[in-house]
file data.csv (CSV, C-alpha atoms)
chain,number,residue,atom,x,y,z
A,129,MET,CA,0.0,0.0,0.0
A,130,MET,CA,3.0,2.2,-0.5
A,131,ILE,CA,1.3,3.8,-3.5
A,132,LYS,CA,-1.9,4.7,-1.6
A,133,LYS,CA,0.1,6.3,1.2
A,134,TYR,CA,2.2,8.2,-1.3
A,135,VAL,CA,-0.8,9.6,-3.1
A,136,ASP,CA,-2.6,10.4,0.1
A,137,ASP,CA,0.4,12.3,1.4
A,138,LEU,CA,0.7,14.1,-1.9
A,139,PHE,CA,-2.7,15.7,-1.5
A,140,GLN,CA,-2.7,16.0,2.2
A,141,SER,CA,-2.9,19.8,2.2
A,142,TYR,CA,-5.8,19.9,-0.3
A,143,GLU,CA,-9.4,20.0,0.7
A,144,SER,CA,-11.2,16.9,-0.4
A,145,THR,CA,-13.6,17.2,-3.3
A,146,PRO,CA,-15.3,14.5,-5.3
A,147,GLU,CA,-13.1,15.5,-8.3
A,148,LEU,CA,-10.0,15.3,-6.3
A,149,GLU,CA,-10.8,11.9,-4.9
A,150,ASP,CA,-11.5,10.8,-8.5
A,151,PHE,CA,-8.1,12.1,-9.6
A,152,LYS,CA,-6.4,10.4,-6.7
A,153,GLU,CA,-8.0,7.1,-7.6
A,154,GLU,CA,-6.9,7.6,-11.3
A,155,ILE,CA,-3.3,8.4,-10.3
A,156,MET,CA,-3.2,5.4,-7.9
A,157,MET,CA,-4.3,2.9,-10.5
A,158,ASN,CA,-1.9,4.3,-13.1
A,159,LEU,CA,1.0,4.2,-10.7
A,160,LYS,CA,0.1,0.6,-9.7
A,161,ASP,CA,0.1,-0.4,-13.4
A,162,ARG,CA,3.4,1.3,-14.0
A,163,VAL,CA,5.1,-0.3,-10.9
A,164,GLN,CA,3.9,-3.7,-12.0
A,165,ASP,CA,5.3,-3.2,-15.5
A,166,LEU,CA,8.6,-2.1,-14.2
A,167,GLU,CA,8.7,-5.1,-11.8
A,168,LYS,CA,8.1,-7.4,-14.8
A,169,LYS,CA,11.2,-5.9,-16.4
A,170,GLY,CA,13.2,-7.1,-13.4
A,171,LYS,CA,13.2,-4.0,-11.2
A,172,SER,CA,12.9,-4.5,-7.4
A,173,SER,CA,9.7,-3.2,-6.0
A,174,ASP,CA,11.5,-0.2,-4.4
A,175,GLU,CA,13.2,0.7,-7.6
A,176,ALA,CA,10.0,0.4,-9.5
A,177,PHE,CA,8.1,2.6,-7.1
A,178,ALA,CA,10.9,5.2,-7.2
A,179,GLU,CA,10.9,5.3,-11.0
A,180,ALA,CA,7.1,5.4,-11.3
A,181,VAL,CA,7.0,8.3,-8.9
A,182,ALA,CA,9.7,10.2,-10.7
A,183,GLU,CA,7.9,9.8,-14.0
A,184,LEU,CA,4.7,11.2,-12.4
A,185,GLY,CA,6.2,14.7,-12.2
A,186,ASP,CA,4.5,17.7,-10.5
A,187,ILE,CA,0.8,17.2,-10.3
A,188,THR,CA,0.1,19.9,-7.8
A,189,ALA,CA,-1.1,22.4,-10.5
A,190,ILE,CA,-3.9,20.0,-11.4
A,191,ALA,CA,-4.7,19.4,-7.8
A,192,ASP,CA,-5.1,23.2,-7.3
A,193,ASP,CA,-7.8,23.2,-10.0
A,194,LEU,CA,-9.6,20.3,-8.4
A,195,SER,CA,-9.5,21.4,-4.8
A,196,ARG,CA,-12.4,23.4,-3.5
A,197,GLU,CA,-10.4,26.0,-1.7
A,198,LYS,CA,-9.1,27.1,-5.0
A,199,ARG,CA,-12.5,27.2,-6.6
A,200,LYS,CA,-13.8,29.4,-3.8
A,201,GLU,CA,-11.0,31.7,-4.5
A,202,ILE,CA,-11.8,32.0,-8.1
A,203,ILE,CA,-15.4,32.7,-7.4
A,204,GLY,CA,-14.4,35.2,-4.7
A,205,LYS,CA,-12.3,37.0,-7.2
A,206,MET,CA,-15.0,37.1,-9.8
A,207,TYR,CA,-17.4,38.8,-7.5
A,208,VAL,CA,-14.9,40.9,-5.6
A,209,ASP,CA,-16.2,44.2,-7.1
A,210,THR,CA,-19.9,43.6,-6.5
A,211,LYS,CA,-20.9,44.6,-3.1
A,212,PRO,CA,-23.1,41.8,-1.5
A,213,LYS,CA,-26.7,42.9,-1.3
A,214,LEU,CA,-28.4,43.1,2.1
A,215,SER,CA,-31.4,40.8,2.3
A,216,ALA,CA,-34.8,42.3,3.2
A,217,GLY,CA,-34.8,40.5,6.6
A,218,TYR,CA,-31.5,42.0,7.5
A,219,ALA,CA,-32.5,45.5,6.4
A,220,ILE,CA,-35.6,45.3,8.6
A,221,GLY,CA,-33.4,43.9,11.5
A,222,TYR,CA,-30.9,46.7,11.2
A,223,THR,CA,-33.7,49.3,11.0
A,224,LEU,CA,-35.5,47.9,14.0
A,225,ALA,CA,-32.3,47.7,16.1
A,226,ALA,CA,-31.4,51.3,15.1
A,227,GLY,CA,-34.9,52.3,15.9
A,228,VAL,CA,-34.8,50.8,19.4
A,229,LEU,CA,-31.5,52.6,20.0
A,230,LEU,CA,-32.8,55.9,18.7
A,231,PHE,CA,-36.0,55.5,20.8
A,232,GLY,CA,-33.8,54.9,23.8
A,233,ILE,CA,-31.8,58.0,23.1
A,234,ILE,CA,-34.9,60.1,22.8
A,235,THR,CA,-36.4,58.6,25.9
A,236,SER,CA,-33.2,59.4,27.9
A,237,LEU,CA,-33.2,62.9,26.5
A,238,ILE,CA,-36.8,63.4,27.6
A,239,THR,CA,-35.9,61.9,31.0
A,240,TYR,CA,-32.9,64.2,31.2
A,241,PHE,CA,-34.9,67.4,30.7
A,242,SER,CA,-38.0,66.3,32.6
A,243,THR,CA,-36.1,65.2,35.7
A,244,GLY,CA,-34.3,68.6,35.9
A,245,ASP,CA,-31.1,67.8,34.2
A,246,ASN,CA,-30.4,64.6,36.0
A,247,LEU,CA,-27.8,62.9,33.9
A,248,PHE,CA,-27.6,59.7,35.9
A,249,ILE,CA,-31.3,58.9,35.6
A,250,ALA,CA,-31.1,59.7,31.9
A,251,ILE,CA,-28.2,57.3,31.4
A,252,SER,CA,-30.1,54.6,33.4
A,253,SER,CA,-33.1,55.0,31.2
A,254,LEU,CA,-31.0,54.7,28.0
A,255,LEU,CA,-29.3,51.4,29.1
A,256,PRO,CA,-32.4,49.1,28.9
A,257,PHE,CA,-32.6,50.1,25.2
A,258,VAL,CA,-29.0,49.6,24.6
A,259,VAL,CA,-29.1,45.9,25.7
A,260,PRO,CA,-31.4,44.5,23.0
A,261,ALA,CA,-30.2,46.9,20.3
A,262,GLY,CA,-26.6,46.1,21.0
A,263,ALA,CA,-27.2,42.4,21.0
A,264,ALA,CA,-29.2,42.6,17.8
A,265,LEU,CA,-26.6,44.7,16.1
A,266,THR,CA,-23.9,42.3,17.1
A,267,TYR,CA,-25.8,39.4,15.6
A,268,LEU,CA,-26.6,41.2,12.4
A,269,GLY,CA,-23.1,42.6,12.0
A,270,LEU,CA,-21.5,39.2,12.4
A,271,THR,CA,-23.8,37.4,10.0
A,272,THR,CA,-23.8,40.1,7.3
A,273,GLU,CA,-21.6,39.4,4.3
A,274,THR,CA,-19.5,42.4,3.3
A,275,THR,CA,-17.0,43.0,0.5
A,276,ALA,CA,-14.2,42.0,2.8
A,277,LYS,CA,-15.7,39.2,4.9
A,278,TYR,CA,-17.8,36.2,4.6
A,279,PRO,CA,-20.7,36.0,7.1
A,280,MET,CA,-20.2,34.1,10.4
A,281,HIS,CA,-22.1,30.9,11.0
A,282,TRP,CA,-25.4,31.9,12.7
A,283,LYS,CA,-24.9,29.5,15.7
A,284,ARG,CA,-21.5,31.1,16.5
A,285,ALA,CA,-22.9,34.6,16.0
A,286,LEU,CA,-25.7,33.7,18.4
A,287,ILE,CA,-23.2,32.8,21.1
A,288,TYR,CA,-21.5,36.1,20.5
A,289,THR,CA,-24.8,37.9,20.7
A,290,LEU,CA,-25.7,36.2,24.0
A,291,ALA,CA,-22.3,37.1,25.5
A,292,VAL,CA,-22.6,40.7,24.4
A,293,GLY,CA,-26.2,40.8,25.7
A,294,LEU,CA,-25.0,39.5,29.0
A,295,ILE,CA,-22.2,42.0,29.3
A,296,LEU,CA,-24.5,44.9,28.3
A,297,PHE,CA,-27.2,43.7,30.8
A,298,GLY,CA,-24.6,43.5,33.5
A,299,ILE,CA,-23.4,47.0,32.8
A,300,SER,CA,-26.9,48.2,32.6
A,301,ILE,CA,-28.2,46.9,35.9
A,302,SER,CA,-25.0,47.6,37.8
A,303,SER,CA,-24.9,51.2,36.6
A,304,SER,CA,-28.5,51.7,37.6
A,305,GLN,CA,-27.5,50.3,41.0
A,306,TYR,CA,-24.8,52.9,41.1
A,307,PHE,CA,-26.9,55.9,39.8
A,308,MET,CA,-30.2,55.2,41.4
A,309,GLU,CA,-29.4,53.6,44.7
A,310,ASN,CA,-25.9,54.9,45.2
A,311,SER,CA,-24.6,51.6,46.3
A,312,ASP,CA,-20.9,51.3,47.1
A,313,PRO,CA,-18.4,50.0,44.5
A,314,ALA,CA,-18.2,46.5,46.1
A,315,ALA,CA,-21.9,45.9,45.7
A,316,ILE,CA,-21.9,47.2,42.2
A,317,LEU,CA,-19.0,45.0,41.2
A,318,GLY,CA,-20.9,42.1,42.9
A,319,VAL,CA,-23.7,42.8,40.5
A,320,LEU,CA,-21.5,43.5,37.5
A,321,ILE,CA,-19.1,40.5,37.7
A,322,PRO,CA,-21.5,37.6,37.5
A,323,PHE,CA,-22.7,38.9,34.1
A,324,VAL,CA,-19.6,40.6,32.6
A,325,LEU,CA,-17.0,38.0,33.6
A,326,PRO,CA,-18.7,34.9,31.9
A,327,GLY,CA,-19.6,37.2,29.0
A,328,ILE,CA,-15.9,38.3,28.5
A,329,LEU,CA,-14.7,34.7,28.9
A,330,VAL,CA,-17.1,33.4,26.3
A,331,ILE,CA,-16.1,36.2,23.9
A,332,ALA,CA,-12.4,35.6,24.6
A,333,PHE,CA,-12.8,31.9,23.8
A,334,LEU,CA,-14.7,32.7,20.6
A,335,ILE,CA,-12.1,35.2,19.5
A,336,LEU,CA,-9.2,32.9,20.2
A,337,THR,CA,-10.9,30.1,18.2
A,338,GLU,CA,-12.0,32.4,15.4
A,339,LYS,CA,-11.5,31.2,11.9
A,340,LYS,CA,-10.6,33.8,9.3
A,341,ARG,CA,-13.6,35.0,7.4
A,342,PHE,CA,-11.7,37.3,5.1
A,343,LYS,CA,-12.3,37.0,1.4
A,344,PRO,CA,-9.4,35.7,-0.7
A,345,TRP,CA,-8.4,39.0,-2.2
A,346,LEU,CA,-8.1,40.5,1.3
A,347,MET,CA,-6.0,37.5,2.4
A,348,GLN,CA,-3.6,38.3,-0.5
A,349,GLU,CA,-3.5,41.9,0.7
A,350,HIS,CA,-2.7,40.7,4.2
A,351,GLU,CA,0.1,38.5,2.8
A,352,ARG,CA,1.7,41.5,1.2
A,353,HIS,CA,1.4,43.4,4.5
A,354,HIS,CA,2.9,40.5,6.2
A,355,GLU,CA,5.8,40.4,3.9
A,356,ALA,CA,6.4,44.1,4.6
A,357,TYR,CA,6.3,43.3,8.3
A,358,THR,CA,8.8,40.5,8.3
A,359,GLY,CA,11.6,43.0,8.7
A,360,TYR,CA,10.1,43.7,12.1
A,361,TYR,CA,8.6,40.5,13.4
A,362,LYS,CA,10.2,37.3,12.2
A,363,ASP,CA,7.0,35.3,11.7
A,364,THR,CA,3.4,34.9,12.6
A,365,GLU,CA,4.3,32.5,15.4
A,366,GLU,CA,6.3,35.3,17.1
A,367,ILE,CA,3.5,37.7,16.7
A,368,THR,CA,1.0,35.3,18.2
A,369,LYS,CA,3.3,34.6,21.1
A,370,ARG,CA,3.7,38.3,21.7
A,371,GLY,CA,-0.1,38.9,21.5
A,372,MET,CA,-0.8,36.1,24.0
A,373,LEU,CA,1.8,37.5,26.4
A,374,SER,CA,0.3,40.9,26.5
A,375,GLY,CA,-3.2,39.5,26.6
A,376,ALA,CA,-2.3,37.5,29.7
A,377,LEU,CA,-0.6,40.6,31.2
A,378,TRP,CA,-3.7,42.8,30.7
A,379,ILE,CA,-6.2,40.3,31.9
A,380,GLY,CA,-4.1,39.7,35.0
A,381,THR,CA,-3.8,43.4,35.5
A,382,MET,CA,-7.6,43.9,35.3
A,383,GLY,CA,-8.0,41.1,37.9
A,384,VAL,CA,-5.5,42.6,40.3
A,385,PHE,CA,-7.0,46.0,39.8
A,386,LEU,CA,-10.5,44.8,40.6
A,387,ILE,CA,-9.4,42.9,43.7
A,388,ILE,CA,-7.5,45.9,45.1
A,389,TRP,CA,-10.4,48.2,44.3
A,390,ILE,CA,-12.8,45.9,46.1
A,391,LEU,CA,-10.5,45.4,49.1
A,392,THR,CA,-9.3,48.9,49.5
A,393,ASN,CA,-9.8,51.9,47.4
A,394,ILE,CA,-9.7,52.8,43.7
A,395,LEU,CA,-6.8,55.1,44.3
A,396,TYR,CA,-4.6,52.2,45.5
A,397,ALA,CA,-5.8,50.1,42.6
A,398,LEU,CA,-4.9,52.5,39.7
A,399,PRO,CA,-1.1,52.2,40.0
A,400,VAL,CA,-1.4,48.5,38.9
A,401,PHE,CA,-1.8,49.8,35.4
A,402,LEU,CA,1.6,51.5,35.6
A,403,PHE,CA,3.1,48.1,36.3
A,404,ALA,CA,1.2,46.7,33.4
A,405,ILE,CA,2.6,49.4,31.0
A,406,VAL,CA,6.1,48.6,32.2
A,407,GLY,CA,5.4,44.9,31.7
A,408,GLU,CA,4.2,45.6,28.2
A,409,LEU,CA,7.3,47.6,27.4
A,410,LEU,CA,9.5,44.8,28.7
A,411,ILE,CA,7.7,42.3,26.4
A,412,GLU,CA,8.2,44.5,23.5
A,413,TYR,CA,11.9,44.9,24.3
A,414,ARG,CA,12.4,41.2,24.7
A,415,MET,CA,10.8,40.5,21.4
A,416,ILE,CA,13.0,43.0,19.6
A,417,SER,CA,16.2,41.8,21.2
A,418,LYS,CA,15.3,38.2,20.4
A,419,HIS,CA,14.5,39.2,16.9
A,420,LYS,CA,17.9,40.9,16.6
A,421,ARG,CA,19.6,37.8,18.0
A,422,ASN,CA,17.8,35.6,15.5
A,423,SER,CA,18.7,37.8,12.6
A,424,THR,CA,22.4,38.0,13.6
A,425,ALA,CA,22.5,34.2,14.1
A,426,LYS,CA,21.3,33.7,10.5
B,164,MET,CA,24.9,14.9,-36.6
B,165,GLU,CA,22.4,13.1,-34.4
B,166,GLY,CA,19.2,15.0,-33.5
B,167,ARG,CA,17.9,15.4,-30.0
B,168,ILE,CA,14.3,15.8,-29.0
B,169,SER,CA,13.0,19.3,-28.2
B,170,ALA,CA,10.9,18.7,-25.1
B,171,ASP,CA,9.2,22.1,-25.3
B,172,LEU,CA,8.2,21.6,-28.9
B,173,LEU,CA,6.7,18.2,-28.0
B,174,ARG,CA,4.9,19.4,-25.0
B,175,GLY,CA,3.1,21.9,-27.1
B,176,HIS,CA,1.5,19.0,-29.0
B,177,THR,CA,0.6,16.9,-26.0
B,178,ASP,CA,-3.1,17.4,-26.6
B,179,THR,CA,-2.9,16.4,-30.2
B,180,ILE,CA,-0.8,13.3,-29.3
B,181,VAL,CA,-3.4,12.3,-26.8
B,182,LEU,CA,-6.2,12.8,-29.2
B,183,GLY,CA,-4.3,10.8,-31.8
B,184,ILE,CA,-4.1,7.9,-29.5
B,185,LEU,CA,-7.7,8.0,-28.6
B,186,MET,CA,-8.7,8.2,-32.3
B,187,LYS,CA,-8.1,4.5,-32.5
B,188,ASN,CA,-9.8,3.4,-29.3
B,189,ASP,CA,-10.6,4.4,-25.8
B,190,ALA,CA,-7.8,4.1,-23.3
B,191,TYR,CA,-7.0,4.7,-19.7
B,192,GLY,CA,-4.1,6.9,-18.4
B,193,TYR,CA,-1.4,4.3,-18.2
B,194,GLN,CA,-2.2,2.9,-21.7
B,195,ILE,CA,-1.9,6.3,-23.2
B,196,TYR,CA,1.4,6.9,-21.4
B,197,LYS,CA,2.8,3.5,-22.4
B,198,SER,CA,1.8,3.9,-26.0
B,199,ILE,CA,3.7,7.2,-26.1
B,200,MET,CA,6.7,5.6,-24.5
B,201,ASP,CA,6.6,2.7,-27.0
B,202,ARG,CA,6.2,4.9,-30.0
B,203,THR,CA,9.2,6.9,-29.1
B,204,ASP,CA,11.3,3.9,-27.9
B,205,GLY,CA,11.7,5.6,-24.6
B,206,LEU,CA,13.6,8.5,-26.1
B,207,TYR,CA,11.2,11.0,-24.9
B,208,GLN,CA,10.6,11.3,-21.2
B,209,LEU,CA,7.2,12.7,-20.8
B,210,LYS,CA,6.0,13.3,-17.3
B,211,GLU,CA,2.6,11.8,-16.5
B,212,ALA,CA,1.6,15.1,-14.9
B,213,THR,CA,1.8,16.7,-18.3
B,214,LEU,CA,-0.7,14.1,-19.6
B,215,TYR,CA,-3.1,14.6,-16.6
B,216,SER,CA,-3.3,18.3,-17.3
B,217,SER,CA,-3.8,17.5,-20.9
B,218,TYR,CA,-6.8,15.2,-20.1
B,219,LYS,CA,-8.3,17.9,-17.8
B,220,ARG,CA,-7.9,20.5,-20.5
B,221,LEU,CA,-9.4,18.3,-23.2
B,222,GLU,CA,-12.3,17.3,-21.0
B,223,LYS,CA,-13.0,21.0,-20.3
B,224,GLU,CA,-13.0,21.7,-24.0
B,225,ALA,CA,-15.3,18.7,-24.5
B,226,CYS,CA,-12.8,17.0,-26.8
B,227,ILE,CA,-12.8,13.9,-24.7
B,228,VAL,CA,-15.0,12.4,-22.1
B,229,ALA,CA,-14.0,10.3,-19.1
B,230,TYR,CA,-15.7,7.2,-17.7
B,231,TRP,CA,-14.9,4.6,-15.2
B,232,GLY,CA,-14.3,1.1,-16.4
B,233,ASP,CA,-16.0,-1.9,-14.9
B,234,GLU,CA,-12.9,-4.0,-14.0
B,235,SER,CA,-14.0,-6.8,-11.6
B,236,GLN,CA,-10.7,-6.9,-9.7
B,237,GLY,CA,-7.9,-4.6,-8.6
B,238,GLY,CA,-9.7,-1.3,-8.6
B,239,ARG,CA,-11.4,0.6,-11.4
B,240,ARG,CA,-9.7,2.5,-14.2
B,241,LYS,CA,-10.6,5.8,-15.7
B,242,TYR,CA,-11.0,5.6,-19.5
B,243,TYR,CA,-11.1,8.4,-22.0
B,244,ARG,CA,-13.1,8.5,-25.1
B,245,ILE,CA,-12.7,11.0,-27.9
B,246,THR,CA,-15.8,13.0,-28.9
B,247,ASP,CA,-16.8,14.3,-32.3
B,248,LYS,CA,-15.5,17.7,-31.3
B,249,GLY,CA,-12.3,16.0,-30.4
B,250,ARG,CA,-12.0,14.3,-33.8
B,251,ILE,CA,-12.5,17.6,-35.6
B,252,GLN,CA,-10.0,19.3,-33.3
B,253,TYR,CA,-7.5,16.5,-34.0
B,254,LYS,CA,-7.8,16.9,-37.7
B,255,GLN,CA,-7.5,20.7,-37.4
B,256,ASN,CA,-4.4,20.3,-35.2
B,257,ILE,CA,-2.8,18.0,-37.8
B,258,ALA,CA,-3.6,20.4,-40.6
B,259,ASP,CA,-2.2,23.3,-38.6
B,260,TRP,CA,0.9,21.3,-37.8
B,261,GLU,CA,1.5,20.4,-41.4
B,262,PHE,CA,1.2,24.0,-42.5
B,263,THR,CA,3.5,25.2,-39.7
B,264,GLN,CA,6.0,22.5,-40.6
B,265,ARG,CA,6.1,23.7,-44.2
B,266,ILE,CA,6.6,27.2,-43.2
B,267,LEU,CA,9.2,26.3,-40.6
B,268,ASN,CA,11.1,24.2,-43.0
B,269,ARG,CA,11.2,27.0,-45.5
B,270,LEU,CA,12.5,29.4,-42.8
B,271,LEU,CA,14.9,27.1,-41.1
B,272,LYS,CA,16.4,25.4,-44.1
B,273,GLU,CA,16.9,28.5,-46.2
B,274,GLU,CA,20.6,28.5,-45.7
B,275,ILE,CA,21.0,25.1,-47.3
B,276,ASP,CA,19.1,25.8,-50.5

call {"tool": "encode", "arguments": {"input": "data.csv", "output": "structure tokens"}}
result
Amino acid sequence: MMIKKYVDDLFQSYESTPELEDFKEEIMMNLKDRVQDLEKKGKSSDEAFAEAVAELGDITAIADDLSREKRKEIIGKMYVDTKPKLSAGYAIGYTLAAGVLLFGIITSLITYFSTGDNLFIAISSLLPFVVPAGAALTYLGLTTETTAKYPMHWKRALIYTLAVGLILFGISISSSQYFMENSDPAAILGVLIPFVLPGILVIAFLILTEKKRFKPWLMQEHERHHEAYTGYYKDTEEITKRGMLSGALWIGTMGVFLIIWILTNILYALPVFLFAIVGELLIEYRMISKHKRNSTAK
Amino acid sequence: MEGRISADLLRGHTDTIVLGILMKNDAYGYQIYKSIMDRTDGLYQLKEATLYSSYKRLEKEACIVAYWGDESQGGRRKYYRITDKGRIQYKQNIADWEFTQRILNRLLKEEID
């Protein structure tokens, strides 16, 4: 089964399509015939295999044509100039969400003037409208196809929407706690955290596992940018590492900040950010010096 | 002086060579490859990949059609059959080649005359 493994390996990086499977089967049979013929001429099975494979030549160009990824790219290029049309349902959705938001703004303005310029109550009355509108806009925005991006799968977008809704809801009720009842920061954080923290965690998870939805022409553009960038950062792996480091740094900083704030006072908590900025600079410095080391080593 | 084969020149005629083989009867990939090898006594090393892209091209142009054979054992083979359009194309290619050959001969051999 040396031939089957060879052919499978050859097309490993291609997305399977019926046409590609057909092509693989065809190649496999022809290789098998060739190897048999060469063996009949007195070659050892290893020699025969090596010779048959050498005669095959470079078939990747054909595989490119048959693999779906490539086909998508061609279609993407064909339609790159035409802006995708918004469906009627989406248009209505956007209008409704914007309407709710606008209504909220008007309501809060009315509240603002009728309560004798009370800004806090005005903000509190706006927030209940922001929650559904924000969630709806999140969903619509993620699942809308644009010139640059394919739409997100609706299930994934729904999780995003729920998380955003949760965060907005948390902010909304905790701020009304703050404005209306003048509770102390600890109580407000107690209300805020059960909503916001899971929401942020879910979104963080989704963002980290995000697949690229860019259209092919944009990917090419990115590649060009990436090439221009390679003078600075060696490769994407390094950029990812750097991003994760500062991500961890800032999430940790937020945690420490909140804890100190709850335990003592916001004034004691703020300097934590200074340490974070120093940390960020250190990461940057380390990356650059490592990059220099790497380039001198090469 | 002994002549050598011009691989580029030959590659430009792969489609016509394939059509020529299929004019006689249907064949699968390895048969076509072997018949080219046999006819040139192994002097011309054609890569199979060149043939595969030729099949794909000819299929797209509707000059040939592919179908799976019904071998009972050892896996099925993909056969190619020439279409009417392919036959016309073949004749046209041959006519083109003969014309080109005449012109080329006139141009290249001028010195000798």

call {"tool": "interface_residues", "arguments": {"input": "data.csv", "of": "chain B", "to": "chain A", "cutoff": "9 Å", "atoms": "all atoms listed in the file", "output": "PDB file with C-alpha atoms, keeping the file's coordinate frame"}}
result
ATOM      1  CA  TYR B 191      -7.000   4.700 -19.700  1.00  0.00           C
ATOM      2  CA  GLY B 192      -4.100   6.900 -18.400  1.00  0.00           C
ATOM      3  CA  TYR B 193      -1.400   4.300 -18.200  1.00  0.00           C
ATOM      4  CA  GLN B 194      -2.200   2.900 -21.700  1.00  0.00           C
ATOM      5  CA  LYS B 197       2.800   3.500 -22.400  1.00  0.00           C
ATOM      6  CA  GLN B 208      10.600  11.300 -21.200  1.00  0.00           C
ATOM      7  CA  LEU B 209       7.200  12.700 -20.800  1.00  0.00           C
ATOM      8  CA  LYS B 210       6.000  13.300 -17.300  1.00  0.00           C
ATOM      9  CA  GLU B 211       2.600  11.800 -16.500  1.00  0.00           C
ATOM     10  CA  ALA B 212       1.600  15.100 -14.900  1.00  0.00           C
ATOM     11  CA  THR B 213       1.800  16.700 -18.300  1.00  0.00           C
ATOM     12  CA  TYR B 215      -3.100  14.600 -16.600  1.00  0.00           C
ATOM     13  CA  SER B 216      -3.300  18.300 -17.300  1.00  0.00           C
ATOM     14  CA  LYS B 219      -8.300  17.900 -17.800  1.00  0.00           C
ATOM     15  CA  GLY B 237      -7.900  -4.600  -8.600  1.00  0.00           C
ATOM     16  CA  GLY B 238      -9.700  -1.300  -8.600  1.00  0.00           C
ATOM     17  CA  ARG B 239     -11.400   0.600 -11.400  1.00  0.00           C
ATOM     18  CA  ARG B 240      -9.700   2.500 -14.200  1.00  0.00           C
ATOM     19  CA  LYS B 241     -10.600   5.800 -15.700  1.00  0.00           C
TER      20      LYS B 241
END

call {"tool": "residues_around", "arguments": {"input": "data.csv", "residues": "Ile387 (chain A)", "least_positions_apart": "6", "cutoff": "12 Å", "atoms": "all atoms listed in the file", "output": "number ranges by chain"}}
result
A: 313-314, 317-318, 321, 380-381, 393-394, 396-398, 400

call {"tool": "write_last_selection", "arguments": {"input": "data.csv", "atoms": "C-alpha atoms", "output": "PDB file, in the coordinates of the input"}}
result
ATOM      1  CA  PRO A 313     -18.400  50.000  44.500  1.00  0.00           C
ATOM      2  CA  ALA A 314     -18.200  46.500  46.100  1.00  0.00           C
ATOM      3  CA  LEU A 317     -19.000  45.000  41.200  1.00  0.00           C
ATOM      4  CA  GLY A 318     -20.900  42.100  42.900  1.00  0.00           C
ATOM      5  CA  ILE A 321     -19.100  40.500  37.700  1.00  0.00           C
ATOM      6  CA  GLY A 380      -4.100  39.700  35.000  1.00  0.00           C
ATOM      7  CA  THR A 381      -3.800  43.400  35.500  1.00  0.00           C
ATOM      8  CA  ASN A 393      -9.800  51.900  47.400  1.00  0.00           C
ATOM      9  CA  ILE A 394      -9.700  52.800  43.700  1.00  0.00           C
ATOM     10  CA  TYR A 396      -4.600  52.200  45.500  1.00  0.00           C
ATOM     11  CA  ALA A 397      -5.800  50.100  42.600  1.00  0.00           C
ATOM     12  CA  LEU A 398      -4.900  52.500  39.700  1.00  0.00           C
ATOM     13  CA  VAL A 400      -1.400  48.500  38.900  1.00  0.00           C
TER      14      VAL A 400
END

call {"tool": "residues_around", "arguments": {"input": "data.csv", "residues": "region 243-247 of chain B", "least_positions_apart": "6", "cutoff": "9 Å", "atoms": "all atoms listed in the file", "output": "ChimeraX atom specification"}}
result
/B:182,185-186,188-192,218,225-231

call {"tool": "write_last_selection", "arguments": {"input": "data.csv", "atoms": "C-alpha atoms", "output": "compact mmCIF listing (two decimals), in the frame of the given file"}}
result
# COMPACT_ATOMS: atom_id res chain seq x y z
CA LEU B 182 -6.20 12.80 -29.20
CA LEU B 185 -7.70 8.00 -28.60
CA MET B 186 -8.70 8.20 -32.30
CA ASN B 188 -9.80 3.40 -29.30
CA ASP B 189 -10.60 4.40 -25.80
CA ALA B 190 -7.80 4.10 -23.30
CA TYR B 191 -7.00 4.70 -19.70
CA GLY B 192 -4.10 6.90 -18.40
CA TYR B 218 -6.80 15.20 -20.10
CA ALA B 225 -15.30 18.70 -24.50
CA CYS B 226 -12.80 17.00 -26.80
CA ILE B 227 -12.80 13.90 -24.70
CA VAL B 228 -15.00 12.40 -22.10
CA ALA B 229 -14.00 10.30 -19.10
CA TYR B 230 -15.70 7.20 -17.70
CA TRP B 231 -14.90 4.60 -15.20

call {"tool": "atom_distance", "arguments": {"input": "data.csv", "atom1": "CA of Phe297 (chain A)", "atom2": "CA of Val228 (chain A)"}}
result
15.4 Å

call {"tool": "residues_around", "arguments": {"input": "data.csv", "residues": "Ala261 (chain A)", "least_positions_apart": "5", "cutoff": "10 Å", "atoms": "only C-alpha atoms", "output": "list in words"}}
result
Gly221, Tyr222, Leu224, Ala225, Ala226, Gly227, Val228, Leu229, Leu230, Gly232, Leu255, Pro256, Thr266, Tyr267 and Gly293 of chain A

call {"tool": "atom_distance", "arguments": {"input": "data.csv", "atom1": "CA of Asp233 (chain B)", "atom2": "CA of Ile184 (chain B)"}}
result
21.2 Å

call {"tool": "build_atoms", "arguments": {"input": "data.csv", "residues": "region 259-263 of chain B", "atoms": "N, CA and C atoms", "output": "PDB file, keeping the file's coordinate frame"}}
result
ATOM      1  N   ASP B 259      -2.969  22.125 -39.027  1.00  0.00           N
ATOM      2  CA  ASP B 259      -2.200  23.300 -38.600  1.00  0.00           C
ATOM      3  C   ASP B 259      -0.698  22.908 -38.503  1.00  0.00           C
ATOM      4  N   TRP B 260      -0.456  21.719 -37.986  1.00  0.00           N
ATOM      5  CA  TRP B 260       0.900  21.300 -37.800  1.00  0.00           C
ATOM      6  C   TRP B 260       1.624  21.147 -39.166  1.00  0.00           C
ATOM      7  N   GLU B 261       0.918  20.553 -40.130  1.00  0.00           N
ATOM      8  CA  GLU B 261       1.500  20.400 -41.400  1.00  0.00           C
ATOM      9  C   GLU B 261       1.853  21.710 -42.100  1.00  0.00           C
ATOM     10  N   PHE B 262       0.928  22.624 -41.909  1.00  0.00           N
ATOM     11  CA  PHE B 262       1.200  24.000 -42.500  1.00  0.00           C
ATOM     12  C   PHE B 262       2.357  24.624 -41.792  1.00  0.00           C
ATOM     13  N   THR B 263       2.371  24.558 -40.433  1.00  0.00           N
ATOM     14  CA  THR B 263       3.500  25.200 -39.700  1.00  0.00           C
ATOM     15  C   THR B 263       4.807  24.544 -40.072  1.00  0.00           C
TER      16      THR B 263
END
